[in-house]
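Raw contents of model.txt, compact mmCIF, C-alpha atoms:
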# COMPACT_ATOMS: atom_id res chain seq x y z
CA MET A 1 0.00 0.00 0.00
CA VAL A 2 1.84 3.10 -1.30
CA GLY A 3 -0.08 6.37 -1.19
CA TYR A 4 -2.82 8.10 0.77
CA VAL A 5 -5.00 6.01 3.10
CA ALA A 6 -8.19 7.58 4.46
CA THR A 7 -8.08 6.86 8.19
CA GLU A 8 -7.83 8.64 11.55
CA GLY A 9 -4.62 9.58 13.35
CA PRO A 10 -2.67 12.60 14.62
CA LEU A 11 -0.69 12.94 11.39
CA HIS A 12 -3.83 12.56 9.26
CA ARG A 13 -5.35 15.49 11.15
CA ALA A 14 -2.18 17.61 11.01
CA HIS A 15 -1.26 20.25 8.43
CA PRO A 16 0.57 18.66 5.43
CA LEU A 17 3.73 20.66 6.16
CA THR A 18 3.76 19.27 9.73
CA VAL A 19 3.58 15.74 8.33
CA LEU A 20 6.43 16.47 5.90
CA THR A 21 8.47 17.91 8.80
CA PHE A 22 7.84 14.70 10.77
CA GLY A 23 9.11 12.60 7.80
CA ALA A 24 12.17 14.82 7.36
CA THR A 25 12.96 14.58 11.09
CA ILE A 26 12.83 10.77 10.96
CA ALA A 27 15.19 10.75 7.95
CA ILE A 28 17.67 13.25 9.45
CA LEU A 29 17.73 11.62 12.91
CA ALA A 30 18.27 8.18 11.31
CA PHE A 31 21.48 9.57 9.81
CA VAL A 32 22.61 11.81 12.66
CA LEU A 33 22.14 9.50 15.69
CA ARG A 34 24.96 7.06 16.44
CA GLY A 35 24.48 3.42 15.46
CA PRO A 36 23.32 0.86 16.01
CA TRP A 37 20.93 2.01 18.79
CA GLY A 38 20.16 5.50 17.44
CA PRO A 39 18.81 4.33 14.06
CA VAL A 40 17.09 1.37 15.80
CA ALA A 41 15.26 3.82 18.12
CA VAL A 42 14.24 6.01 15.15
CA PHE A 43 12.99 2.88 13.39
CA ALA A 44 10.89 2.05 16.48
CA VAL A 45 9.37 5.56 16.40
CA ALA A 46 8.51 5.17 12.69
CA LEU A 47 6.91 1.78 13.43
CA GLY A 48 4.94 3.36 16.27
CA ALA A 49 3.71 6.09 13.91
CA ALA A 50 2.46 3.42 11.47
CA PHE A 51 0.29 1.95 14.25
CA THR A 52 -0.94 5.24 15.77
CA GLU A 53 -1.94 6.36 12.25
CA ARG A 54 -3.75 3.02 11.79
CA VAL A 55 -1.84 2.25 8.61
CA PRO A 56 -0.08 -1.03 9.48
CA GLY A 57 -0.59 -1.90 5.79
CA VAL A 58 2.43 0.27 4.91
CA LEU A 59 4.68 -2.22 6.70
CA LYS A 60 4.25 -4.78 3.91
CA PRO A 61 5.67 -2.60 1.06
CA ALA A 62 8.28 -1.31 3.53
CA ALA A 63 9.36 -4.90 4.24
CA VAL A 64 9.43 -5.72 0.51
CA LEU A 65 11.61 -2.65 -0.15
CA ALA A 66 13.87 -3.14 2.88
CA LEU A 67 14.43 -6.90 2.58
CA PRO A 68 16.96 -6.77 -0.32
CA PHE A 69 18.90 -4.08 1.57
CA TRP A 70 19.05 -6.22 4.72
CA ILE A 71 20.18 -9.30 2.75
CA PHE A 72 22.97 -7.42 0.96
CA LEU A 73 24.00 -5.57 4.14
CA LEU A 74 24.24 -8.80 6.13
CA VAL A 75 26.20 -10.49 3.31
CA ILE A 76 28.59 -7.59 2.58
CA HIS A 77 29.11 -6.19 6.10
CA GLY A 78 28.12 -9.11 8.35
CA LEU A 79 29.46 -12.11 6.45
CA LEU A 80 32.29 -10.77 4.29
CA ARG A 81 33.57 -8.04 6.66
CA SER A 82 32.48 -9.47 10.05
CA ASP A 83 30.89 -6.15 11.03
CA VAL A 84 27.30 -6.93 12.08
CA ALA A 85 26.96 -3.59 13.97
CA THR A 86 27.43 -1.63 10.71
CA ALA A 87 24.91 -3.89 8.94
CA VAL A 88 22.34 -3.29 11.71
CA THR A 89 23.05 0.47 11.75
CA LEU A 90 22.60 0.84 7.99
CA GLY A 91 19.63 -1.56 7.89
CA ALA A 92 17.79 0.21 10.71
CA ARG A 93 18.54 3.59 9.11
CA ILE A 94 17.12 2.51 5.74
CA SER A 95 14.10 0.79 7.36
CA ALA A 96 13.33 3.86 9.51
CA ILE A 97 13.41 6.16 6.48
CA LEU A 98 11.26 3.76 4.41
CA VAL A 99 8.58 3.30 7.09
CA GLY A 100 8.59 7.01 8.03
CA PHE A 101 8.22 8.02 4.39
CA LEU A 102 5.39 5.54 3.70
CA VAL A 103 3.55 6.81 6.79
CA VAL A 104 3.92 10.37 5.48
CA LEU A 105 2.57 9.29 2.07
CA SER A 106 -0.37 7.56 3.73
CA ALA A 107 -1.25 10.73 5.70
CA VAL A 108 -1.11 13.43 2.99
CA PRO A 109 -3.27 13.37 -0.16
CA PRO A 110 -1.38 15.18 -3.00
CA SER A 111 -4.29 17.58 -3.64
CA ARG A 112 -4.21 18.67 0.03
CA LEU A 113 -0.47 19.27 -0.20
CA VAL A 114 -0.94 21.47 -3.27
CA GLU A 115 -3.68 23.47 -1.46
CA ALA A 116 -1.34 23.90 1.51
CA LEU A 117 1.52 25.07 -0.72
CA VAL A 118 -0.70 27.58 -2.55
CA ALA A 119 -1.99 28.88 0.81
CA LYS A 120 1.64 29.34 1.92
CA ARG A 121 2.17 31.54 -1.17
CA VAL A 122 4.30 29.03 -3.04
CA PRO A 123 4.14 30.16 -6.73
CA PHE A 124 1.30 28.58 -8.71
CA SER A 125 3.75 27.16 -11.29
CA ALA A 126 5.59 25.16 -8.58
CA ALA A 127 2.38 23.78 -7.07
CA PHE A 128 0.97 23.04 -10.54
CA LEU A 129 4.16 21.24 -11.63
CA LEU A 130 3.97 18.92 -8.62
CA ALA A 131 0.26 18.13 -9.13
CA ALA A 132 0.55 17.79 -12.94
CA THR A 133 3.55 15.49 -12.63
CA LEU A 134 1.78 13.19 -10.18
CA GLN A 135 -1.08 12.96 -12.73
CA ALA A 136 1.19 12.58 -15.78
CA VAL A 137 3.18 9.63 -14.42
CA PRO A 138 0.38 7.01 -14.39
CA ARG A 139 -0.84 8.28 -17.79
CA LEU A 140 2.62 7.89 -19.36
CA ARG A 141 3.06 4.49 -17.75
CA GLU A 142 -0.24 3.30 -19.22
CA ARG A 143 0.81 4.63 -22.61
CA ALA A 144 4.19 2.87 -22.32
CA ALA A 145 2.38 -0.40 -21.59
CA ALA A 146 0.12 0.17 -24.63
CA VAL A 147 3.13 0.89 -26.90
CA LEU A 148 4.85 -2.24 -25.60
CA GLU A 149 1.79 -4.38 -26.38
CA ALA A 150 1.25 -2.77 -29.80
CA GLN A 151 4.87 -3.33 -30.87
CA ARG A 152 4.76 -6.93 -29.63
CA CYS A 153 1.64 -7.48 -31.75
CA ARG A 154 3.56 -6.14 -34.76
CA GLY A 155 6.23 -8.78 -34.14
CA LEU A 156 8.86 -6.79 -32.21
CA ALA A 157 11.05 -9.37 -30.46
CA LEU A 158 12.18 -8.34 -26.99
CA ARG A 159 14.39 -11.39 -26.43
CA GLY A 160 17.54 -12.64 -28.13
CA SER A 161 21.04 -11.16 -28.40
CA VAL A 162 22.05 -7.95 -26.62
CA ILE A 163 22.23 -6.05 -29.94
CA HIS A 164 18.75 -7.30 -30.82
CA ARG A 165 17.35 -6.06 -27.52
CA VAL A 166 19.19 -2.72 -27.71
CA ARG A 167 17.64 -2.16 -31.15
CA ALA A 168 14.19 -2.86 -29.71
CA ILE A 169 14.44 0.24 -27.48
CA VAL A 170 14.01 2.64 -30.43
CA PRO A 171 10.59 1.47 -31.73
CA LEU A 172 9.37 1.51 -28.14
CA THR A 173 10.67 4.95 -27.18
CA VAL A 174 9.95 6.98 -30.33
CA PRO A 175 6.11 6.60 -30.27
CA LEU A 176 5.97 7.25 -26.53
CA VAL A 177 8.10 10.41 -26.59
CA LEU A 178 6.89 11.90 -29.87
CA GLY A 179 3.28 11.23 -28.82
CA ALA A 180 3.92 13.11 -25.57
CA LEU A 181 5.64 16.03 -27.34
CA GLY A 182 2.74 16.19 -29.82
CA GLU A 183 0.29 17.09 -27.08
CA VAL A 184 2.43 19.89 -25.58
CA ASP A 185 0.95 22.69 -27.70
CA GLU A 186 -2.66 21.64 -27.18
CA ARG A 187 -2.26 21.41 -23.41
CA ALA A 188 -0.27 24.67 -23.23
CA LEU A 189 -3.11 26.47 -25.02
CA ALA A 190 -5.64 24.97 -22.59
CA LEU A 191 -3.53 26.19 -19.65
CA GLU A 192 -3.18 29.65 -21.12
CA ALA A 193 -6.95 29.83 -21.64
CA ARG A 194 -7.42 29.02 -17.95
CA GLY A 195 -5.19 31.86 -16.82
CA ALA A 196 -2.05 29.93 -15.84
CA GLY A 197 0.65 32.35 -14.80
CA ALA A 198 -1.86 35.20 -14.40
CA GLY A 199 -0.81 35.92 -10.82
CA ARG A 200 -1.60 34.69 -7.33
CA ARG A 201 -4.36 32.12 -6.97
CA THR A 202 -6.67 31.54 -4.02
CA PRO A 203 -6.98 28.03 -2.58
CA LEU A 204 -10.60 26.93 -2.20
CA ASP A 205 -10.21 24.93 0.99
CA PRO A 206 -6.75 25.42 2.54
CA PRO A 207 -5.78 23.04 5.39
CA ARG A 208 -5.89 24.59 8.86
CA ASP A 209 -2.43 25.44 10.22
CA GLY A 210 -3.01 25.67 13.99
CA THR A 211 -0.80 26.45 17.01
CA MET A 212 -0.19 22.75 17.64
CA ASP A 213 1.15 22.34 14.09
CA HIS A 214 3.56 25.24 14.62
CA LEU A 215 4.64 23.80 17.97
CA VAL A 216 5.29 20.33 16.52
CA ARG A 217 7.32 21.78 13.64
CA TRP A 218 9.46 23.87 16.03
CA CYS A 219 9.96 20.83 18.31
CA CYS A 220 11.11 18.76 15.33
CA ALA A 221 13.57 21.48 14.31
CA ALA A 222 14.88 21.73 17.90
CA LEU A 223 15.28 17.94 18.09
CA ILE A 224 17.35 17.93 14.91
CA VAL A 225 19.60 20.76 16.17
CA VAL A 226 20.13 19.00 19.53
CA ALA A 227 20.93 15.69 17.80
CA ILE A 228 23.48 17.37 15.52
CA VAL A 229 25.10 19.25 18.44
CA VAL A 230 25.33 16.04 20.54
CA ARG A 231 26.81 14.15 17.57
CA VAL A 232 29.42 16.82 16.81
CA ALA A 233 30.36 17.45 20.48
CA MET B 1 7.28 29.95 -16.35
CA SER B 2 5.61 29.59 -19.78
CA PRO B 3 2.55 27.31 -20.15
CA ARG B 4 4.56 25.21 -22.64
CA LEU B 5 7.18 24.43 -19.99
CA LEU B 6 4.44 23.78 -17.42
CA VAL B 7 3.18 21.05 -19.77
CA LEU B 8 6.53 19.75 -21.06
CA ILE B 9 8.21 19.19 -17.69
CA PRO B 10 5.54 16.85 -16.19
CA LEU B 11 5.51 14.87 -19.46
CA ALA B 12 9.31 14.55 -19.36
CA VAL B 13 9.15 13.29 -15.77
CA GLY B 14 6.47 10.79 -16.87
CA ILE B 15 8.80 9.66 -19.69
CA ASN B 16 11.66 9.17 -17.19
CA LEU B 17 9.49 6.88 -15.09
CA ALA B 18 7.80 5.07 -18.00
CA MET B 19 11.16 4.22 -19.61
CA GLY B 20 11.79 1.86 -16.69
CA GLN B 21 9.06 -0.40 -18.11
CA PHE B 22 10.94 -0.65 -21.42
CA ALA B 23 14.25 -1.25 -19.66
CA SER B 24 12.80 -4.18 -17.73
CA ALA B 25 11.00 -5.52 -20.85
CA ILE B 26 14.27 -5.83 -22.78
CA SER B 27 16.13 -7.23 -19.72
CA LEU B 28 19.24 -5.06 -20.08
CA PRO B 29 21.24 -3.61 -17.17
CA VAL B 30 20.15 -0.03 -17.95
CA TYR B 31 17.69 2.31 -16.21
CA LEU B 32 16.99 4.86 -19.00
CA ASP B 33 15.52 7.04 -16.24
CA THR B 34 17.13 10.25 -17.49
CA VAL B 35 15.80 10.22 -21.08
CA GLY B 36 13.19 12.89 -20.25
CA THR B 37 15.70 15.05 -18.35
CA ILE B 38 18.28 14.99 -21.16
CA LEU B 39 15.57 15.58 -23.77
CA VAL B 40 14.32 18.67 -21.91
CA ALA B 41 17.93 19.89 -21.60
CA ALA B 42 18.38 19.57 -25.36
CA LEU B 43 15.00 21.16 -26.18
CA THR B 44 14.77 23.99 -23.68
CA GLY B 45 18.04 24.44 -21.75
CA LEU B 46 19.43 24.35 -18.24
CA VAL B 47 16.72 25.57 -15.84
CA PRO B 48 13.82 23.44 -17.16
CA ALA B 49 16.18 20.44 -17.21
CA LEU B 50 17.15 21.03 -13.56
CA ILE B 51 13.45 21.27 -12.60
CA THR B 52 12.76 18.05 -14.54
CA GLY B 53 15.62 16.30 -12.73
CA LEU B 54 14.44 17.53 -9.33
CA LEU B 55 10.81 16.52 -9.94
CA SER B 56 11.85 13.15 -11.40
CA GLN B 57 13.75 12.16 -8.32
CA VAL B 58 11.03 13.42 -5.95
CA VAL B 59 8.23 11.69 -7.87
CA THR B 60 10.24 8.45 -8.31
CA THR B 61 10.65 8.45 -4.54
CA VAL B 62 6.96 9.16 -3.94
CA VAL B 63 5.61 6.67 -6.50
CA SER B 64 7.94 3.80 -5.55
CA GLY B 65 7.75 4.52 -1.83
CA ASN B 66 11.52 3.92 -1.77
CA SER B 67 12.91 6.99 -0.05
CA ILE B 68 16.49 5.92 -0.77
CA TRP B 69 16.16 7.38 -4.29
CA ILE B 70 16.01 10.95 -3.01
CA ALA B 71 19.62 10.65 -1.84
CA PHE B 72 20.64 10.38 -5.50
CA LEU B 73 19.05 13.72 -6.39
CA PRO B 74 22.50 15.34 -6.99
CA VAL B 75 23.12 12.79 -9.76
CA GLN B 76 19.89 13.74 -11.59
CA LEU B 77 20.73 17.44 -11.24
CA TYR B 78 24.26 16.81 -12.50
CA VAL B 79 22.92 14.88 -15.52
CA ALA B 80 20.55 17.79 -16.28
CA ALA B 81 23.34 20.39 -16.05
CA PHE B 82 25.80 18.29 -18.06
CA ALA B 83 23.22 17.60 -20.79
CA ALA B 84 22.25 21.27 -21.06
CA VAL B 85 25.87 22.37 -21.45
CA ALA B 86 26.66 19.50 -23.84
CA ALA B 87 23.59 20.22 -25.99
CA ARG B 88 24.56 23.89 -26.24
CA ALA B 89 27.99 22.76 -27.45
CA GLY B 90 26.41 20.59 -30.15
CA ALA B 91 27.13 17.26 -28.43
CA PHE B 92 24.48 15.41 -30.45
CA ARG B 93 26.03 16.40 -33.81
CA GLY B 94 27.19 12.93 -34.86
CA ILE B 95 27.00 9.34 -33.60
CA TRP B 96 30.59 9.17 -32.30
CA ARG B 97 30.41 12.59 -30.71
CA THR B 98 27.20 11.45 -28.97
CA VAL B 99 28.86 8.20 -27.80
CA GLY B 100 31.76 10.24 -26.36
CA THR B 101 29.27 12.51 -24.57
CA GLY B 102 27.48 9.48 -23.12
CA LEU B 103 30.72 7.87 -21.89
CA LEU B 104 31.88 11.13 -20.30
CA LEU B 105 28.47 11.62 -18.67
CA GLY B 106 28.45 8.01 -17.43
CA ALA B 107 31.96 8.21 -15.97
CA THR B 108 31.36 11.50 -14.17
CA ALA B 109 27.87 10.48 -12.95
CA ALA B 110 29.42 7.30 -11.48
CA LEU B 111 31.98 9.43 -9.61
CA LEU B 112 29.07 11.36 -8.11
CA SER B 113 26.83 8.39 -7.23
CA TRP B 114 29.73 6.39 -5.76
CA PRO B 115 30.27 8.43 -2.54
CA ILE B 116 26.49 8.61 -1.97
CA ALA B 117 26.14 4.82 -2.28
CA TYR B 118 29.29 4.11 -0.25
CA LEU B 119 29.07 6.66 2.56
CA ALA B 120 25.30 6.82 3.11
CA PHE B 121 24.26 3.22 2.42
CA GLY B 122 27.44 1.16 2.87
CA GLY B 123 27.45 0.28 -0.84
CA VAL B 124 23.96 -1.26 -0.78
CA THR B 125 21.48 0.48 -3.09
CA ALA B 126 19.61 -1.08 -6.03
CA THR B 127 19.67 -4.84 -6.39
CA GLY B 128 21.46 -5.11 -9.77
CA VAL B 129 24.37 -2.81 -8.90
CA THR B 130 24.65 -4.26 -5.40
CA ALA B 131 24.92 -7.79 -6.82
CA VAL B 132 28.04 -6.66 -8.76
CA THR B 133 29.38 -4.98 -5.58
CA THR B 134 28.81 -8.19 -3.59
CA VAL B 135 30.65 -10.35 -6.14
CA LEU B 136 33.59 -7.92 -6.30
CA THR B 137 33.78 -7.74 -2.49
CA ALA B 138 33.65 -11.53 -2.25
CA ILE B 139 36.64 -11.91 -4.59
CA GLY B 140 38.70 -9.53 -2.46
CA PHE B 141 38.09 -6.00 -3.75
CA PRO B 142 37.99 -3.36 -0.97
CA LEU B 143 34.36 -2.26 -0.55
CA ARG B 144 34.90 1.33 -1.69
CA TRP B 145 36.50 0.26 -5.01
CA ALA B 146 33.90 -2.47 -5.51
CA VAL B 147 31.13 0.15 -5.19
CA LEU B 148 32.93 2.45 -7.65
CA ALA B 149 33.45 -0.35 -10.19
CA ALA B 150 29.79 -1.42 -9.93
CA SER B 151 28.52 2.19 -10.30
CA ALA B 152 30.85 2.87 -13.25
CA SER B 153 29.92 -0.30 -15.14
CA THR B 154 26.19 0.42 -15.04
CA ASP B 155 26.43 4.21 -15.46
CA LEU B 156 28.71 4.01 -18.53
CA LEU B 157 26.29 1.66 -20.28
CA ASP B 158 23.12 3.44 -19.12
CA LYS B 159 24.15 7.01 -19.90
CA THR B 160 25.65 6.11 -23.30
CA ALA B 161 22.43 4.29 -24.28
CA THR B 162 20.33 7.19 -22.96
CA VAL B 163 22.26 9.90 -24.81
CA LEU B 164 22.16 7.89 -28.05
CA LEU B 165 18.43 7.42 -27.62
CA VAL B 166 17.89 11.17 -27.10
CA ARG B 167 19.90 11.88 -30.26
CA GLY B 168 17.62 9.49 -32.14
CA LEU B 169 14.58 11.31 -30.75
CA LEU B 170 15.94 14.73 -31.72
CA VAL B 171 16.61 13.52 -35.27
CA ALA B 172 13.11 11.98 -35.46
CA LEU B 173 11.34 15.15 -34.25
CA PRO B 174 8.73 16.30 -36.78
CA ARG B 175 9.71 19.67 -38.31
CA ARG B 176 6.65 21.36 -36.83
CA THR B 177 7.64 20.28 -33.31
CA ALA B 178 11.36 21.00 -33.86
CA ALA B 179 10.51 24.53 -35.00
CA ARG B 180 9.11 25.24 -31.53
CA PHE B 181 12.37 24.21 -29.86
CA PRO B 182 15.25 26.07 -31.58
CA LEU B 183 17.81 24.65 -29.11
CA ALA B 184 17.21 21.17 -30.57
CA GLU B 185 18.67 22.29 -33.91
CA ARG B 186 21.69 23.66 -32.07
CA ALA B 187 22.19 20.39 -30.15
CA LEU B 188 22.28 18.53 -33.47
CA GLY B 189 24.76 21.07 -34.86
CA ARG B 190 22.32 22.35 -37.51
CA ALA B 191 22.14 25.92 -36.20
If you convert what's in this file into structure tokens, what do you get?
Amino acid sequence: MVGYVATEGPLHRAHPLTVLTFGATIAILAFVLRGPWGPVAVFAVALGAAFTERVPGVLKPAAVLALPFWIFLLVIHGLLRSDVATAVTLGARISAILVGFLVVLSAVPPSRLVEALVAKRVPFSAAFLLAATLQAVPRLRERAAAVLEAQRCRGLALRGSVIHRVRAIVPLTVPLVLGALGEVDERALALEARGAGAGRRTPLDPPRDGTMDHLVRWCCAALIVVAIVVRVA
Amino acid sequence: MSPRLLVLIPLAVGINLAMGQFASAISLPVYLDTVGTILVAALTGLVPALITGLLSQVVTTVVSGNSIWIAFLPVQLYVAAFAAVAARAGAFRGIWRTVGTGLLLGATAALLSWPIAYLAFGGVTATGVTAVTTVLTAIGFPLRWAVLAASASTDLLDKTATVLLVRGLLVALPRRTAARFPLAERALGRA
């Protein structure tokens, strides 16, 4: 389960920027705190967040993503270099970041994030680029799958020698890319007609950014500063 | 930012991510995940290419759920900057010139991704590259050189294939489309 999950939890109720700050704090602390116990503790916090947000489903993709890392870390650092502590440090760090990030994704719908950014006076073009890209990716992936199927139907062989397979890239890529470039003008005109770039826009339903959100964000920032100072001292 | 760029950049990011499907379909050790970035660099220049690179890495991270990718953001930005400068210098003029550009880009990108992979993740990143690192470490290579060799082998192949592919796309551009992107003619050495 990768993406927004409609459920109840403190992060789900928080302002999107607070949730992003939480994710960034997890990632920074996982790197700054000394191993192996520092990253292990951060990993425990990320796991706790997955349960308090009622999104234990994110643990499955996190495990799928983290498992190859753990295997290679234990082989390279544990087995070949007899350094299990480093393997655990790096593994816990990666797992903490993965779980923390998936929890953040589960708590913030992209449309809400765009509303929050527009309300914070982020330029419309930046907010639009983020939203349009998140919409364009699945569309282009579907089109890539369609091109792949169409070329297979026309007899394009995707197996065989390396040269054969390298040659197959061209008839796959050209229709995808030229098709995408062909729609640039039409879409640009549509955007222009809707007043893109005409100045500041007003969000219809901006997320509430309360005192608690401000407090949490400042606490996260303070925690990061303290961790860095302790690490450097 | 012009409406045309507002449309082109998301499409280029979509191309970067969709190319992964082709790479896995042909079972070659390449990612082709910078085709859109290099194409935007050749069509519109440095700043849009940098934005494409930034968005690509952020969206790859968001869509895959694998937050490790964001650590390699400097590599995407470097590829964007290199491609913009190379395109301005007419790097796509001929096949051999393009191959040289790809090899140079691959070698320098590997030098950039190597410290990120080694220092931040102990040499363990994506499965394919890490398998090469594991084999090299097992036969006695020091870890840091094993990571460099693994990064270089994949980056040289990937970036050369990507740059050649972008040259093919620039050559295949319909005249009507090419006329809207004057930098493309310059990248091919025609202007």
- Pick from B:Leu105, B:Ala149, B:Val59, B:Ala42, whichever lies nearest to Leu170 in chain B using all atoms listed in the file: B:Ala42
- Message: When you look at Val30 in chain B with a cut-off of 12 Å (counting only C-alpha atoms), what residues show up, excluding the ones that are within fewer than 3 positions of it in the same chain? I need them as a ChimeraX atom specification.
- Response: /A:162,165-166,169 /B:19-27,33-35,106,126,128-129,151,153-162
Could those residues be written to a file, using C-alpha atoms, as a short mmCIF file (atom, residue, chain, number, x, y, z; two decimals), keeping the file's coordinate frame?
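Written output follows (result_22.cif):
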data_model
loop_
_atom_site.label_atom_id
_atom_site.label_comp_id
_atom_site.auth_asym_id
_atom_site.auth_seq_id
_atom_site.Cartn_x
_atom_site.Cartn_y
_atom_site.Cartn_z
CA VAL A 162 22.05 -7.95 -26.62
CA ARG A 165 17.35 -6.06 -27.52
CA VAL A 166 19.19 -2.72 -27.71
CA ILE A 169 14.44 0.24 -27.48
CA MET B 19 11.16 4.22 -19.61
CA GLY B 20 11.79 1.86 -16.69
CA GLN B 21 9.06 -0.40 -18.11
CA PHE B 22 10.94 -0.65 -21.42
CA ALA B 23 14.25 -1.25 -19.66
CA SER B 24 12.80 -4.18 -17.73
CA ALA B 25 11.00 -5.52 -20.85
CA ILE B 26 14.27 -5.83 -22.78
CA SER B 27 16.13 -7.23 -19.72
CA ASP B 33 15.52 7.04 -16.24
CA THR B 34 17.13 10.25 -17.49
CA VAL B 35 15.80 10.22 -21.08
CA GLY B 106 28.45 8.01 -17.43
CA ALA B 126 19.61 -1.08 -6.03
CA GLY B 128 21.46 -5.11 -9.77
CA VAL B 129 24.37 -2.81 -8.90
CA SER B 151 28.52 2.19 -10.30
CA SER B 153 29.92 -0.30 -15.14
CA THR B 154 26.19 0.42 -15.04
CA ASP B 155 26.43 4.21 -15.46
CA LEU B 156 28.71 4.01 -18.53
CA LEU B 157 26.29 1.66 -20.28
CA ASP B 158 23.12 3.44 -19.12
CA LYS B 159 24.15 7.01 -19.90
CA THR B 160 25.65 6.11 -23.30
CA ALA B 161 22.43 4.29 -24.28
CA THR B 162 20.33 7.19 -22.96
#
- Task: Output as an NGL selection string the set of chain A residues within 6 Å of chain B, with distances taken over all atoms listed in the file.
- Result: :A and (98 or 133 or 136-137 or 140-141 or 158 or 165 or 184 or 188)
- For CA of Ala221 in chain A and CA of Phe124 in chain A, the interatomic separation in Å (one decimal):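 Value for the CA of Ala221 in chain A-CA of Phe124 in chain A distance: 27.0 Å.
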- Message: Distance cut-off 8 Å, centre (29.1, 0.9, 17.0) in file coordinates, counting all atoms listed in the file: which residues qualify? Return them as a list in words.
- Response: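 Residues lying no farther than 8 Å from the given point: Arg34, Gly35, Pro36, Ala85 and Thr86 of chain A.
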- Within 12 Å of file point (18.6, 1.6, 12.5), counting all atoms listed in the file, expressed as a PyMOL selection string: (chain A and resi 26-27+29-47+66+70+85-99) or (chain B and resi 121)
- Between A:Leu74, A:Ala24, A:Ala116, A:Val103, which has the minimum distance to Pro61 in chain A (counting all atoms listed in the file)?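 Answer, going by the shortest atom-to-atom distance: A:Val103.
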- Message: Report as a list in words all protein, DNA and RNA residues lying within 8 Å of range 90-94 of chain B, evaluated on all atoms listed in the file, omitting residues in the same chain fewer than 4 positions from it.
- Response: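 Near range 90-94 of chain B, the qualifying residues are Ala86, Thr98, Thr101, Arg167, Arg186, Ala187, Leu188, Gly189 and Arg190 of chain B.
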- Task: Measure the distance from CA of Leu104 in chain B to CA of Tyr31 in chain B in Å and round it to one decimal.
- Result: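 Pair CA of Leu104 in chain B / CA of Tyr31 in chain B returns 17.2 Å.
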Where atoms are absent from range 36-46 of chain B, fill them in so it carries N, CA, C and O atoms, then output it as a PDB file, in the frame of the given file.
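To be explicit, this is the file written out as out-v9.pdb:
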ATOM      1  N   GLY B  36      14.010  11.671 -20.281  1.00  0.00           N
ATOM      2  CA  GLY B  36      13.190  12.890 -20.250  1.00  0.00           C
ATOM      3  C   GLY B  36      14.008  14.104 -19.841  1.00  0.00           C
ATOM      4  O   GLY B  36      13.871  15.191 -20.427  1.00  0.00           O
ATOM      5  N   THR B  37      14.874  13.926 -18.844  1.00  0.00           N
ATOM      6  CA  THR B  37      15.700  15.050 -18.350  1.00  0.00           C
ATOM      7  C   THR B  37      16.636  15.539 -19.451  1.00  0.00           C
ATOM      8  O   THR B  37      16.745  16.752 -19.700  1.00  0.00           O
ATOM      9  N   ILE B  38      17.315  14.600 -20.119  1.00  0.00           N
ATOM     10  CA  ILE B  38      18.280  14.990 -21.160  1.00  0.00           C
ATOM     11  C   ILE B  38      17.538  15.589 -22.364  1.00  0.00           C
ATOM     12  O   ILE B  38      18.009  16.552 -22.976  1.00  0.00           O
ATOM     13  N   LEU B  39      16.364  15.046 -22.657  1.00  0.00           N
ATOM     14  CA  LEU B  39      15.570  15.580 -23.770  1.00  0.00           C
ATOM     15  C   LEU B  39      15.161  17.034 -23.489  1.00  0.00           C
ATOM     16  O   LEU B  39      15.284  17.901 -24.368  1.00  0.00           O
ATOM     17  N   VAL B  40      14.697  17.299 -22.270  1.00  0.00           N
ATOM     18  CA  VAL B  40      14.320  18.670 -21.910  1.00  0.00           C
ATOM     19  C   VAL B  40      15.536  19.593 -21.962  1.00  0.00           C
ATOM     20  O   VAL B  40      15.450  20.745 -22.412  1.00  0.00           O
ATOM     21  N   ALA B  41      16.701  19.091 -21.535  1.00  0.00           N
ATOM     22  CA  ALA B  41      17.930  19.890 -21.600  1.00  0.00           C
ATOM     23  C   ALA B  41      18.243  20.272 -23.036  1.00  0.00           C
ATOM     24  O   ALA B  41      18.617  21.413 -23.318  1.00  0.00           O
ATOM     25  N   ALA B  42      18.067  19.303 -23.950  1.00  0.00           N
ATOM     26  CA  ALA B  42      18.380  19.570 -25.360  1.00  0.00           C
ATOM     27  C   ALA B  42      17.328  20.466 -26.008  1.00  0.00           C
ATOM     28  O   ALA B  42      17.646  21.246 -26.901  1.00  0.00           O
ATOM     29  N   LEU B  43      16.077  20.378 -25.550  1.00  0.00           N
ATOM     30  CA  LEU B  43      15.000  21.160 -26.180  1.00  0.00           C
ATOM     31  C   LEU B  43      14.877  22.564 -25.620  1.00  0.00           C
ATOM     32  O   LEU B  43      14.563  23.504 -26.353  1.00  0.00           O
ATOM     33  N   THR B  44      15.102  22.691 -24.297  1.00  0.00           N
ATOM     34  CA  THR B  44      14.770  23.990 -23.680  1.00  0.00           C
ATOM     35  C   THR B  44      15.862  24.586 -22.791  1.00  0.00           C
ATOM     36  O   THR B  44      15.708  25.709 -22.337  1.00  0.00           O
ATOM     37  N   GLY B  45      16.934  23.847 -22.505  1.00  0.00           N
ATOM     38  CA  GLY B  45      18.040  24.440 -21.750  1.00  0.00           C
ATOM     39  C   GLY B  45      18.139  24.035 -20.300  1.00  0.00           C
ATOM     40  O   GLY B  45      17.453  23.110 -19.839  1.00  0.00           O
ATOM     41  N   LEU B  46      18.990  24.768 -19.573  1.00  0.00           N
ATOM     42  CA  LEU B  46      19.430  24.350 -18.240  1.00  0.00           C
ATOM     43  C   LEU B  46      18.326  24.336 -17.167  1.00  0.00           C
ATOM     44  O   LEU B  46      18.103  23.306 -16.523  1.00  0.00           O
TER      45      LEU B  46
END
